[in-house]
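What's in structure-v7.pdb: PDB, N, CA and C atoms and all ligand atoms
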ATOM      1  N   MET P   1     144.276  95.103  85.283
ATOM      2  CA  MET P   1     143.291  94.053  85.513
ATOM      3  C   MET P   1     142.165  94.576  86.390
ATOM      4  N   LYS P   2     140.962  94.243  85.982
ATOM      5  CA  LYS P   2     139.796  94.714  86.731
ATOM      6  C   LYS P   2     139.549  93.823  87.942
ATOM      7  N   ALA P   3     139.222  94.443  89.062
ATOM      8  CA  ALA P   3     138.903  93.669  90.265
ATOM      9  C   ALA P   3     137.631  92.857  90.019
ATOM     10  N   PRO P   4     137.542  91.672  90.634
ATOM     11  CA  PRO P   4     136.328  90.872  90.440
ATOM     12  C   PRO P   4     135.099  91.601  90.994
ATOM     13  N   ARG P   5     133.982  91.348  90.372
ATOM     14  CA  ARG P   5     132.748  92.010  90.806
ATOM     15  C   ARG P   5     132.347  91.527  92.199
ATOM     16  N   ASN P   6     131.890  92.474  92.988
ATOM     17  CA  ASN P   6     131.373  92.125  94.310
ATOM     18  C   ASN P   6     129.974  92.729  94.444
ATOM     19  N   PRO P   7     128.960  91.864  94.336
ATOM     20  CA  PRO P   7     127.577  92.379  94.329
ATOM     21  C   PRO P   7     127.244  93.195  95.579
ATOM     22  N   ASP P   8     127.770  92.786  96.737
ATOM     23  CA  ASP P   8     127.500  93.532  97.971
ATOM     24  C   ASP P   8     128.058  94.951  97.887
ATOM     25  N   LEU P   9     129.295  95.072  97.406
ATOM     26  CA  LEU P   9     129.913  96.394  97.319
ATOM     27  C   LEU P   9     129.246  97.251  96.248
ATOM     28  N   GLU P  10     128.801  96.603  95.187
ATOM     29  CA  GLU P  10     128.082  97.349  94.145
ATOM     30  C   GLU P  10     126.766  97.886  94.690
ATOM     31  N   LEU P  11     126.068  97.042  95.457
ATOM     32  CA  LEU P  11     124.810  97.463  96.079
ATOM     33  C   LEU P  11     125.071  98.614  97.048
ATOM     34  N   ARG P  12     126.099  98.483  97.872
ATOM     35  CA  ARG P  12     126.419  99.526  98.844
ATOM     36  C   ARG P  12     126.742 100.844  98.142
ATOM     37  N   GLY P  13     127.525 100.763  97.098
ATOM     38  CA  GLY P  13     127.889 101.971  96.346
ATOM     39  C   GLY P  13     126.668 102.630  95.717
ATOM     40  N   ARG P  14     125.797 101.796  95.172
ATOM     41  CA  ARG P  14     124.586 102.330  94.534
ATOM     42  C   ARG P  14     123.711 103.036  95.573
ATOM     43  N   LEU P  15     123.578 102.427  96.750
ATOM     44  CA  LEU P  15     122.748 103.024  97.804
ATOM     45  C   LEU P  15     123.358 104.336  98.301
ATOM     46  N   ILE P  16     124.665 104.317  98.538
ATOM     47  CA  ILE P  16     125.343 105.534  99.018
ATOM     48  C   ILE P  16     125.148 106.673  98.020
ATOM     49  N   ARG P  17     125.293 106.369  96.731
ATOM     50  CA  ARG P  17     125.145 107.423  95.720
ATOM     51  C   ARG P  17     123.703 107.922  95.645
ATOM     52  N   SER P  18     122.741 107.066  96.008
ATOM     53  CA  SER P  18     121.335 107.475  95.920
ATOM     54  C   SER P  18     120.919 108.366  97.088
ATOM     55  N   LEU P  19     121.720 108.398  98.150
ATOM     56  CA  LEU P  19     121.299 109.135  99.347
ATOM     57  C   LEU P  19     121.170 110.639  99.099
ATOM     58  N   GLY P  20     121.965 111.147  98.168
ATOM     59  CA  GLY P  20     121.896 112.578  97.868
ATOM     60  C   GLY P  20     120.515 113.023  97.411
ATOM     61  N   THR P  21     119.806 112.120  96.739
ATOM     62  CA  THR P  21     118.476 112.482  96.250
ATOM     63  C   THR P  21     117.460 112.560  97.397
ATOM     64  N   LEU P  22     117.873 112.107  98.585
ATOM     65  CA  LEU P  22     116.960 112.098  99.735
ATOM     66  C   LEU P  22     117.260 113.244 100.696
ATOM     67  N   ARG P  23     118.039 114.224 100.246
ATOM     68  CA  ARG P  23     118.518 115.266 101.165
ATOM     69  C   ARG P  23     117.403 116.118 101.751
ATOM     70  N   GLU P  24     116.256 116.144 101.078
ATOM     71  CA  GLU P  24     115.139 116.959 101.575
ATOM     72  C   GLU P  24     114.201 116.177 102.498
ATOM     73  N   MET P  25     114.654 115.006 102.965
ATOM     74  CA  MET P  25     113.762 114.168 103.780
ATOM     75  C   MET P  25     113.315 114.873 105.058
ATOM     76  N   LEU P  26     112.099 114.503 105.493
ATOM     77  CA  LEU P  26     111.537 115.043 106.729
ATOM     78  C   LEU P  26     111.244 113.884 107.684
ATOM     79  N   PRO P  27     111.379 114.137 108.995
ATOM     80  CA  PRO P  27     111.056 113.092 109.964
ATOM     81  C   PRO P  27     109.551 112.994 110.187
ATOM     82  N   GLY P  28     109.158 111.972 110.914
ATOM     83  CA  GLY P  28     107.763 111.869 111.347
ATOM     84  C   GLY P  28     106.861 111.214 110.323
ATOM     85  N   SER P  29     105.578 111.254 110.607
ATOM     86  CA  SER P  29     104.631 110.651 109.683
ATOM     87  C   SER P  29     103.628 111.672 109.166
ATOM     88  N   PHE P  30     103.254 111.428 107.929
ATOM     89  CA  PHE P  30     102.289 112.271 107.243
ATOM     90  C   PHE P  30     100.890 111.756 107.573
ATOM     91  N   VAL P  31     100.007 112.663 107.957
ATOM     92  CA  VAL P  31      98.660 112.267 108.384
ATOM     93  C   VAL P  31      97.639 113.083 107.599
ATOM     94  N   GLU P  32      96.608 112.401 107.096
ATOM     95  CA  GLU P  32      95.495 113.116 106.479
ATOM     96  C   GLU P  32      94.254 112.881 107.325
ATOM     97  N   ARG P  33      93.670 113.944 107.818
ATOM     98  CA  ARG P  33      92.440 113.833 108.608
ATOM     99  C   ARG P  33      91.296 114.437 107.836
ATOM    100  N   LYS P  34      90.098 113.843 108.037
ATOM    101  CA  LYS P  34      88.881 114.390 107.447
ATOM    102  C   LYS P  34      88.118 115.110 108.556
ATOM    103  N   ARG P  35      87.631 116.307 108.244
ATOM    104  CA  ARG P  35      86.917 117.030 109.294
ATOM    105  C   ARG P  35      85.820 117.907 108.689
ATOM    106  N   ALA P  36      84.841 118.213 109.531
ATOM    107  CA  ALA P  36      83.803 119.181 109.182
ATOM    108  C   ALA P  36      84.207 120.527 109.776
ATOM    109  N   CYS P  37      83.956 121.600 109.026
ATOM    110  CA  CYS P  37      84.393 122.904 109.512
ATOM    111  C   CYS P  37      83.364 123.545 110.450
ATOM    112  N   GLY P  38      82.116 123.020 110.430
ATOM    113  CA  GLY P  38      81.118 123.531 111.359
ATOM    114  C   GLY P  38      80.178 124.567 110.762
ATOM    115  N   ARG P  39      80.504 125.110 109.587
ATOM    116  CA  ARG P  39      79.592 126.074 108.960
ATOM    117  C   ARG P  39      78.389 125.313 108.395
ATOM    118  N   PRO P  40      77.186 125.723 108.768
ATOM    119  CA  PRO P  40      75.995 124.945 108.389
ATOM    120  C   PRO P  40      75.746 124.885 106.884
ATOM    121  N   ASN P  41      76.200 125.897 106.130
ATOM    122  CA  ASN P  41      75.925 125.910 104.686
ATOM    123  C   ASN P  41      77.046 125.298 103.852
ATOM    124  N   CYS P  42      78.103 124.821 104.489
ATOM    125  CA  CYS P  42      79.255 124.281 103.751
ATOM    126  C   CYS P  42      78.935 122.892 103.216
ATOM    127  N   HIS P  43      79.640 122.509 102.138
ATOM    128  CA  HIS P  43      79.424 121.171 101.551
ATOM    129  C   HIS P  43      79.765 120.052 102.529
ATOM    130  N   CYS P  44      80.508 120.372 103.571
ATOM    131  CA  CYS P  44      80.902 119.330 104.527
ATOM    132  C   CYS P  44      79.798 119.026 105.545
ATOM    133  N   ALA P  45      78.755 119.858 105.552
ATOM    134  CA  ALA P  45      77.703 119.703 106.571
ATOM    135  C   ALA P  45      76.951 118.379 106.435
ATOM    136  N   ASP P  46      77.034 117.734 105.251
ATOM    137  CA  ASP P  46      76.354 116.435 105.093
ATOM    138  C   ASP P  46      77.146 115.300 105.756
ATOM    139  N   GLY P  47      78.318 115.609 106.259
ATOM    140  CA  GLY P  47      79.117 114.583 106.949
ATOM    141  C   GLY P  47      79.857 113.649 106.014
ATOM    142  N   LYS P  48      79.718 113.864 104.695
ATOM    143  CA  LYS P  48      80.384 112.976 103.726
ATOM    144  C   LYS P  48      81.509 113.699 102.994
ATOM    145  N   ASN P  49      81.191 114.894 102.472
ATOM    146  CA  ASN P  49      82.207 115.656 101.723
ATOM    147  C   ASN P  49      83.041 116.505 102.678
ATOM    148  N   LEU P  50      83.791 115.814 103.496
ATOM    149  CA  LEU P  50      84.549 116.505 104.544
ATOM    150  C   LEU P  50      85.798 117.176 103.966
ATOM    151  N   HIS P  51      86.338 118.113 104.726
ATOM    152  CA  HIS P  51      87.585 118.770 104.338
ATOM    153  C   HIS P  51      88.763 117.875 104.721
ATOM    154  N   SER P  52      89.811 117.926 103.907
ATOM    155  CA  SER P  52      91.049 117.237 104.256
ATOM    156  C   SER P  52      91.926 118.188 105.050
ATOM    157  N   GLN P  53      92.430 117.687 106.158
ATOM    158  CA  GLN P  53      93.421 118.456 106.932
ATOM    159  C   GLN P  53      94.696 117.628 106.942
ATOM    160  N   PHE P  54      95.760 118.185 106.405
ATOM    161  CA  PHE P  54      97.027 117.463 106.337
ATOM    162  C   PHE P  54      97.909 117.891 107.490
ATOM    163  N   GLN P  55      98.565 116.890 108.076
ATOM    164  CA  GLN P  55      99.416 117.166 109.237
ATOM    165  C   GLN P  55     100.678 116.322 109.168
ATOM    166  N   ILE P  56     101.690 116.798 109.863
ATOM    167  CA  ILE P  56     102.885 115.985 110.059
ATOM    168  C   ILE P  56     103.053 115.792 111.564
ATOM    169  N   SER P  57     103.174 114.523 111.962
ATOM    170  CA  SER P  57     103.390 114.173 113.370
ATOM    171  C   SER P  57     104.848 113.821 113.535
ATOM    172  N   VAL P  58     105.488 114.488 114.491
ATOM    173  CA  VAL P  58     106.938 114.350 114.586
ATOM    174  C   VAL P  58     107.364 114.541 116.039
ATOM    175  N   LEU P  59     108.461 113.889 116.418
ATOM    176  CA  LEU P  59     109.016 114.105 117.756
ATOM    177  C   LEU P  59     109.952 115.300 117.710
ATOM    178  N   VAL P  60     109.689 116.274 118.577
ATOM    179  CA  VAL P  60     110.585 117.425 118.708
ATOM    180  C   VAL P  60     111.130 117.406 120.130
ATOM    181  N   ASP P  61     112.440 117.260 120.262
ATOM    182  CA  ASP P  61     113.079 117.110 121.579
ATOM    183  C   ASP P  61     112.410 116.001 122.392
ATOM    184  N   GLY P  62     112.065 114.911 121.716
ATOM    185  CA  GLY P  62     111.491 113.752 122.381
ATOM    186  C   GLY P  62     109.997 113.844 122.644
ATOM    187  N   LYS P  63     109.380 114.975 122.322
ATOM    188  CA  LYS P  63     107.940 115.119 122.561
ATOM    189  C   LYS P  63     107.179 115.104 121.242
ATOM    190  N   PRO P  64     106.052 114.349 121.212
ATOM    191  CA  PRO P  64     105.279 114.298 119.978
ATOM    192  C   PRO P  64     104.591 115.628 119.676
ATOM    193  N   LYS P  65     104.753 116.091 118.450
ATOM    194  CA  LYS P  65     104.121 117.348 118.013
ATOM    195  C   LYS P  65     103.416 117.091 116.692
ATOM    196  N   THR P  66     102.360 117.836 116.472
ATOM    197  CA  THR P  66     101.637 117.760 115.205
ATOM    198  C   THR P  66     101.562 119.152 114.608
ATOM    199  N   PHE P  67     101.924 119.259 113.338
ATOM    200  CA  PHE P  67     101.888 120.548 112.645
ATOM    201  C   PHE P  67     100.968 120.445 111.432
ATOM    202  N   ASN P  68     100.142 121.438 111.243
ATOM    203  CA  ASN P  68      99.287 121.481 110.058
ATOM    204  C   ASN P  68     100.119 121.809 108.822
ATOM    205  N   ILE P  69      99.713 121.237 107.699
ATOM    206  CA  ILE P  69     100.410 121.458 106.433
ATOM    207  C   ILE P  69      99.444 122.164 105.483
ATOM    208  N   PRO P  70      99.847 123.260 104.851
ATOM    209  CA  PRO P  70      98.994 123.878 103.830
ATOM    210  C   PRO P  70      98.670 122.848 102.745
ATOM    211  N   ALA P  71      97.420 122.844 102.277
ATOM    212  CA  ALA P  71      96.954 121.809 101.343
ATOM    213  C   ALA P  71      97.852 121.708 100.106
ATOM    214  N   ASP P  72      98.349 122.843  99.604
ATOM    215  CA  ASP P  72      99.155 122.795  98.376
ATOM    216  C   ASP P  72     100.576 122.283  98.636
ATOM    217  N   TRP P  73     100.932 122.060  99.875
ATOM    218  CA  TRP P  73     102.223 121.458 100.198
ATOM    219  C   TRP P  73     102.103 119.967 100.480
ATOM    220  N   ALA P  74     100.875 119.451 100.534
ATOM    221  CA  ALA P  74     100.653 118.092 101.046
ATOM    222  C   ALA P  74     101.464 117.040 100.286
ATOM    223  N   ASP P  75     101.412 117.076  98.941
ATOM    224  CA  ASP P  75     102.123 116.066  98.154
ATOM    225  C   ASP P  75     103.627 116.123  98.407
ATOM    226  N   LYS P  76     104.137 117.359  98.444
ATOM    227  CA  LYS P  76     105.570 117.566  98.643
ATOM    228  C   LYS P  76     106.016 117.039 100.011
ATOM    229  N   VAL P  77     105.230 117.346 101.042
ATOM    230  CA  VAL P  77     105.587 116.921 102.401
ATOM    231  C   VAL P  77     105.460 115.399 102.535
ATOM    232  N   ARG P  78     104.418 114.839 101.918
ATOM    233  CA  ARG P  78     104.252 113.379 101.957
ATOM    234  C   ARG P  78     105.480 112.693 101.341
ATOM    235  N   GLU P  79     105.911 113.217 100.200
ATOM    236  CA  GLU P  79     107.073 112.656  99.512
ATOM    237  C   GLU P  79     108.333 112.757 100.385
ATOM    238  N   LYS P  80     108.474 113.873 101.088
ATOM    239  CA  LYS P  80     109.671 114.069 101.924
ATOM    240  C   LYS P  80     109.690 113.135 103.128
ATOM    241  N   THR P  81     108.507 112.802 103.674
ATOM    242  CA  THR P  81     108.490 111.835 104.781
ATOM    243  C   THR P  81     108.767 110.423 104.245
ATOM    244  N   GLU P  82     108.391 110.162 102.972
ATOM    245  CA  GLU P  82     108.713 108.863 102.370
ATOM    246  C   GLU P  82     110.210 108.737 102.105
ATOM    247  N   MET P  83     110.857 109.883 101.818
ATOM    248  CA  MET P  83     112.321 109.866 101.622
ATOM    249  C   MET P  83     113.013 109.346 102.870
ATOM    250  N   ARG P  84     112.508 109.734 104.027
ATOM    251  CA  ARG P  84     113.102 109.282 105.287
ATOM    252  C   ARG P  84     113.033 107.760 105.404
ATOM    253  N   ARG P  85     111.901 107.172 104.970
ATOM    254  CA  ARG P  85     111.764 105.717 105.024
ATOM    255  C   ARG P  85     112.757 105.048 104.073
ATOM    256  N   ARG P  86     112.933 105.657 102.876
ATOM    257  CA  ARG P  86     113.900 105.087 101.927
ATOM    258  C   ARG P  86     115.320 105.210 102.481
ATOM    259  N   PHE P  87     115.593 106.341 103.154
ATOM    260  CA  PHE P  87     116.910 106.556 103.770
ATOM    261  C   PHE P  87     117.174 105.481 104.829
ATOM    262  N   ASP P  88     116.191 105.249 105.704
ATOM    263  CA  ASP P  88     116.346 104.247 106.761
ATOM    264  C   ASP P  88     116.544 102.847 106.172
ATOM    265  N   ALA P  89     115.799 102.533 105.101
ATOM    266  CA  ALA P  89     115.930 101.219 104.466
ATOM    267  C   ALA P  89     117.324 101.076 103.865
ATOM    268  N   ALA P  90     117.829 102.146 103.227
ATOM    269  CA  ALA P  90     119.169 102.106 102.636
ATOM    270  C   ALA P  90     120.219 101.932 103.732
ATOM    271  N   ALA P  91     120.067 102.658 104.845
ATOM    272  CA  ALA P  91     121.027 102.558 105.954
ATOM    273  C   ALA P  91     121.039 101.132 106.507
ATOM    274  N   ALA P  92     119.867 100.519 106.638
ATOM    275  CA  ALA P  92     119.795  99.151 107.167
ATOM    276  C   ALA P  92     120.503  98.176 106.230
ATOM    277  N   THR P  93     120.314  98.355 104.918
ATOM    278  CA  THR P  93     120.965  97.469 103.953
ATOM    279  C   THR P  93     122.478  97.648 103.978
ATOM    280  N   ILE P  94     122.931  98.905 104.030
ATOM    281  CA  ILE P  94     124.376  99.194 104.071
ATOM    282  C   ILE P  94     124.989  98.578 105.329
ATOM    283  N   CYS P  95     124.312  98.731 106.473
ATOM    284  CA  CYS P  95     124.805  98.141 107.718
ATOM    285  C   CYS P  95     124.865  96.623 107.608
ATOM    286  N   GLY P  96     123.890  96.018 106.933
ATOM    287  CA  GLY P  96     123.876  94.569 106.750
ATOM    288  C   GLY P  96     125.075  94.105 105.940
ATOM    289  N   VAL P  97     125.367  94.828 104.852
ATOM    290  CA  VAL P  97     126.527  94.509 104.015
ATOM    291  C   VAL P  97     127.807  94.636 104.843
ATOM    292  N   ASN P  98     127.913  95.711 105.607
ATOM    293  CA  ASN P  98     129.136  95.956 106.377
ATOM    294  C   ASN P  98     129.322  94.942 107.505
ATOM    295  N   LEU P  99     128.216  94.544 108.123
ATOM    296  CA  LEU P  99     128.307  93.540 109.188
ATOM    297  C   LEU P  99     128.801  92.208 108.619
ATOM    298  N   LYS P 100     128.261  91.837 107.458
ATOM    299  CA  LYS P 100     128.669  90.599 106.791
ATOM    300  C   LYS P 100     130.170  90.639 106.495
ATOM    301  N   ARG P 101     130.639  91.787 105.981
ATOM    302  CA  ARG P 101     132.065  91.938 105.657
ATOM    303  C   ARG P 101     132.920  91.898 106.918
ATOM    304  N   PHE P 102     132.439  92.530 107.971
ATOM    305  CA  PHE P 102     133.156  92.558 109.244
ATOM    306  C   PHE P 102     133.325  91.139 109.796
ATOM    307  N   LEU P 103     132.230  90.373 109.787
ATOM    308  CA  LEU P 103     132.276  89.019 110.347
ATOM    309  C   LEU P 103     133.176  88.104 109.520
ATOM    310  N   LYS P 104     133.140  88.318 108.181
ATOM    311  CA  LYS P 104     133.978  87.508 107.298
ATOM    312  C   LYS P 104     135.457  87.823 107.552
ATOM    313  N   GLU P 105     135.770  89.093 107.691
ATOM    314  CA  GLU P 105     137.140  89.533 107.937
ATOM    315  C   GLU P 105     137.668  88.976 109.257
ATOM    316  N   LYS P 106     136.796  88.981 110.263
ATOM    317  CA  LYS P 106     137.159  88.479 111.581
ATOM    318  C   LYS P 106     137.466  86.987 111.536
ATOM    319  N   GLU P 107     136.608  86.279 110.768
ATOM    320  CA  GLU P 107     136.778  84.834 110.635
ATOM    321  C   GLU P 107     138.100  84.512 109.943
ATOM    322  N   GLU P 108     138.411  85.300 108.902
ATOM    323  CA  GLU P 108     139.657  85.078 108.157
ATOM    324  C   GLU P 108     140.880  85.373 109.011
ATOM    325  N   ARG P 109     140.760  86.339 109.885
ATOM    326  CA  ARG P 109     141.858  86.711 110.759
ATOM    327  C   ARG P 109     142.159  85.602 111.768
ATOM    328  N   GLN P 110     141.081  84.958 112.246
ATOM    329  CA  GLN P 110     141.247  83.929 113.272
ATOM    330  C   GLN P 110     141.771  82.615 112.715
ATOM    331  N   SER P 111     141.585  82.401 111.406
ATOM    332  CA  SER P 111     142.010  81.109 110.868
ATOM    333  C   SER P 111     143.496  81.079 110.528
TER
HETATM  334 ZN    ZN Z 201      83.104 122.854 105.630
END
Translate the structure described by the file into structure tokens.
Amino acid sequence: MKAPRNPDLELRGRLIRSLGTLREMLPGSFVERKRACGRPNCHCADGKNLHSQFQISVLVDGKPKTFNIPADWADKVREKTEMRRRFDAAAATICGVNLKRFLKEKEERQS
């Protein structure tokens, strides 16, 4: 006989299985800055066609640090910082499911 479906447990299982795809996650936030390089003949000298500088801002040993990202890595690094947000959202949902189960179990024990 099959156990009755439990949507909370199905959700938890689905989230847990999805975490493996987030293994390359990076902490911190992805930042894109626009800047002029200062060369008078560059296309950026008009103040409009500025260069993009990609950075990752992250806490290292509790101190905020900013690291430059090579332009051809920007998409990859942005995606990896988004993985961290998905990981945190999944962890919050899993904790919510577990707290609900914990409180229900406690209530049943007391009755
Ligand atoms: Zn320039």
Starting from the PyMOL selection byres (((chain P and resi 87 and name CA) around 12) and not hetatm and name CA), expand the selection into actual residues of this file and give them as a CSV table (one decimal) with N, CA and C atoms, in the frame of the given file.
chain,number,residue,atom,x,y,z
P,15,LEU,N,123.6,102.4,96.8
P,15,LEU,CA,122.7,103.0,97.8
P,15,LEU,C,123.4,104.3,98.3
P,16,ILE,N,124.7,104.3,98.5
P,16,ILE,CA,125.3,105.5,99.0
P,16,ILE,C,125.1,106.7,98.0
P,17,ARG,N,125.3,106.4,96.7
P,17,ARG,CA,125.1,107.4,95.7
P,17,ARG,C,123.7,107.9,95.6
P,18,SER,N,122.7,107.1,96.0
P,18,SER,CA,121.3,107.5,95.9
P,18,SER,C,120.9,108.4,97.1
P,19,LEU,N,121.7,108.4,98.2
P,19,LEU,CA,121.3,109.1,99.3
P,19,LEU,C,121.2,110.6,99.1
P,20,GLY,N,122.0,111.1,98.2
P,20,GLY,CA,121.9,112.6,97.9
P,20,GLY,C,120.5,113.0,97.4
P,21,THR,N,119.8,112.1,96.7
P,21,THR,CA,118.5,112.5,96.2
P,21,THR,C,117.5,112.6,97.4
P,22,LEU,N,117.9,112.1,98.6
P,22,LEU,CA,117.0,112.1,99.7
P,22,LEU,C,117.3,113.2,100.7
P,23,ARG,N,118.0,114.2,100.2
P,23,ARG,CA,118.5,115.3,101.2
P,23,ARG,C,117.4,116.1,101.8
P,24,GLU,N,116.3,116.1,101.1
P,24,GLU,CA,115.1,117.0,101.6
P,24,GLU,C,114.2,116.2,102.5
P,25,MET,N,114.7,115.0,103.0
P,25,MET,CA,113.8,114.2,103.8
P,25,MET,C,113.3,114.9,105.1
P,26,LEU,N,112.1,114.5,105.5
P,26,LEU,CA,111.5,115.0,106.7
P,26,LEU,C,111.2,113.9,107.7
P,27,PRO,N,111.4,114.1,109.0
P,27,PRO,CA,111.1,113.1,110.0
P,27,PRO,C,109.6,113.0,110.2
P,80,LYS,N,108.5,113.9,101.1
P,80,LYS,CA,109.7,114.1,101.9
P,80,LYS,C,109.7,113.1,103.1
P,81,THR,N,108.5,112.8,103.7
P,81,THR,CA,108.5,111.8,104.8
P,81,THR,C,108.8,110.4,104.2
P,82,GLU,N,108.4,110.2,103.0
P,82,GLU,CA,108.7,108.9,102.4
P,82,GLU,C,110.2,108.7,102.1
P,83,MET,N,110.9,109.9,101.8
P,83,MET,CA,112.3,109.9,101.6
P,83,MET,C,113.0,109.3,102.9
P,84,ARG,N,112.5,109.7,104.0
P,84,ARG,CA,113.1,109.3,105.3
P,84,ARG,C,113.0,107.8,105.4
P,85,ARG,N,111.9,107.2,105.0
P,85,ARG,CA,111.8,105.7,105.0
P,85,ARG,C,112.8,105.0,104.1
P,86,ARG,N,112.9,105.7,102.9
P,86,ARG,CA,113.9,105.1,101.9
P,86,ARG,C,115.3,105.2,102.5
P,88,ASP,N,116.2,105.2,105.7
P,88,ASP,CA,116.3,104.2,106.8
P,88,ASP,C,116.5,102.8,106.2
P,89,ALA,N,115.8,102.5,105.1
P,89,ALA,CA,115.9,101.2,104.5
P,89,ALA,C,117.3,101.1,103.9
P,90,ALA,N,117.8,102.1,103.2
P,90,ALA,CA,119.2,102.1,102.6
P,90,ALA,C,120.2,101.9,103.7
P,91,ALA,N,120.1,102.7,104.8
P,91,ALA,CA,121.0,102.6,106.0
P,91,ALA,C,121.0,101.1,106.5
P,92,ALA,N,119.9,100.5,106.6
P,92,ALA,CA,119.8,99.2,107.2
P,92,ALA,C,120.5,98.2,106.2
P,93,THR,N,120.3,98.4,104.9
P,93,THR,CA,121.0,97.5,104.0
P,93,THR,C,122.5,97.6,104.0
P,94,ILE,N,122.9,98.9,104.0
P,94,ILE,CA,124.4,99.2,104.1
P,94,ILE,C,125.0,98.6,105.3
Residues matched by the PyMOL selection byres (((not hetatm)) within 5 of (chain Z and resi 201)) as a CSV table (one decimal) with N, CA and C atoms, in the frame of the given file:
chain,number,residue,atom,x,y,z
P,36,ALA,N,84.8,118.2,109.5
P,36,ALA,CA,83.8,119.2,109.2
P,36,ALA,C,84.2,120.5,109.8
P,37,CYS,N,84.0,121.6,109.0
P,37,CYS,CA,84.4,122.9,109.5
P,37,CYS,C,83.4,123.5,110.4
P,38,GLY,N,82.1,123.0,110.4
P,38,GLY,CA,81.1,123.5,111.4
P,38,GLY,C,80.2,124.6,110.8
P,42,CYS,N,78.1,124.8,104.5
P,42,CYS,CA,79.3,124.3,103.8
P,42,CYS,C,78.9,122.9,103.2
P,43,HIS,N,79.6,122.5,102.1
P,43,HIS,CA,79.4,121.2,101.6
P,43,HIS,C,79.8,120.1,102.5
P,44,CYS,N,80.5,120.4,103.6
P,44,CYS,CA,80.9,119.3,104.5
P,44,CYS,C,79.8,119.0,105.5
ask   = So how many Å separate CA of Lys76 (chain P) and atom C of Gln53 (chain P), to one decimal?
value =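 So the answer is 13.7 Å.
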task = Just list the residues in region 16-98 of chain P DSSP gives alpha helix (DSSP H) on the backbone, as a VMD selection string.
result = chain P and resid 16 to 18 74 to 98
Interatomic distance (Å, one decimal) between CA of Arg78 (chain P) and CA of Ser29 (chain P) =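 Atom-to-atom, CA of Arg78 (chain P) to CA of Ser29 (chain P), that is 8.2 Å.
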ask   = So which residues are close to (107.4, 114.1, 113.4), meaning at most 10 Å away in the file's coordinates with only C-alpha atoms counted, and can you show them as an NGL selection string?
value = :P and (26-30 or 55-60 or 62-67 or 81)
ask   = What is the atom N of Ala3 (chain P)-atom N of Asn98 (chain P) distance in Å, reported with one decimal?
value =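 Computing it gives 20.1 Å between the two atoms.
Taken over the shown file, the PyMOL selection byres (((chain P and resi 71 and name CA) around 9) and not hetatm and name CA) identifies Ser52, Gln53, Phe54, Ile69, Pro70, Asp72, Trp73, Ala74 and Asp75 of chain P.
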Emit the selected residues as a PDB file, in the coordinates of the input, including N, CA and C atoms.
ATOM      1  N   SER P  52      89.811 117.926 103.907  1.00  0.00           N
ATOM      2  CA  SER P  52      91.049 117.237 104.256  1.00  0.00           C
ATOM      3  C   SER P  52      91.926 118.188 105.050  1.00  0.00           C
ATOM      4  N   GLN P  53      92.430 117.687 106.158  1.00  0.00           N
ATOM      5  CA  GLN P  53      93.421 118.456 106.932  1.00  0.00           C
ATOM      6  C   GLN P  53      94.696 117.628 106.942  1.00  0.00           C
ATOM      7  N   PHE P  54      95.760 118.185 106.405  1.00  0.00           N
ATOM      8  CA  PHE P  54      97.027 117.463 106.337  1.00  0.00           C
ATOM      9  C   PHE P  54      97.909 117.891 107.490  1.00  0.00           C
ATOM     10  N   ILE P  69      99.713 121.237 107.699  1.00  0.00           N
ATOM     11  CA  ILE P  69     100.410 121.458 106.433  1.00  0.00           C
ATOM     12  C   ILE P  69      99.444 122.164 105.483  1.00  0.00           C
ATOM     13  N   PRO P  70      99.847 123.260 104.851  1.00  0.00           N
ATOM     14  CA  PRO P  70      98.994 123.878 103.830  1.00  0.00           C
ATOM     15  C   PRO P  70      98.670 122.848 102.745  1.00  0.00           C
ATOM     16  N   ASP P  72      98.349 122.843  99.604  1.00  0.00           N
ATOM     17  CA  ASP P  72      99.155 122.795  98.376  1.00  0.00           C
ATOM     18  C   ASP P  72     100.576 122.283  98.636  1.00  0.00           C
ATOM     19  N   TRP P  73     100.932 122.060  99.875  1.00  0.00           N
ATOM     20  CA  TRP P  73     102.223 121.458 100.198  1.00  0.00           C
ATOM     21  C   TRP P  73     102.103 119.967 100.480  1.00  0.00           C
ATOM     22  N   ALA P  74     100.875 119.451 100.534  1.00  0.00           N
ATOM     23  CA  ALA P  74     100.653 118.092 101.046  1.00  0.00           C
ATOM     24  C   ALA P  74     101.464 117.040 100.286  1.00  0.00           C
ATOM     25  N   ASP P  75     101.412 117.076  98.941  1.00  0.00           N
ATOM     26  CA  ASP P  75     102.123 116.066  98.154  1.00  0.00           C
ATOM     27  C   ASP P  75     103.627 116.123  98.407  1.00  0.00           C
TER      28      ASP P  75
END
Could you work out an axis-aligned box for region 44-54 of chain P, taking every atom the file lists and adding 3 Å on each side, and report centre and edge lengths in Å to one decimal, as AutoDock Vina command-line options?
--center_x 87.1 --center_y 116.7 --center_z 104.6 --size_x 27.6 --size_y 13.4 --size_z 11.8
task = Using only C-alpha atoms, find the one residue out of P:Pro7, P:Arg33, P:Gly96, P:Arg12 that sits nearest to Asn68 (chain P).
result =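 Ranked by minimum distance to Asn68 (chain P), first place goes to P:Arg33.
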task = Could you tell me which of P:Val97, P:Arg35, P:Pro40, P:Gly47 comes closest to Asp8 (chain P) if we count only N, CA and C atoms?
result =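 Ranking P:Val97, P:Arg35, P:Pro40, P:Gly47 by distance to Asp8 (chain P), first place goes to P:Val97.
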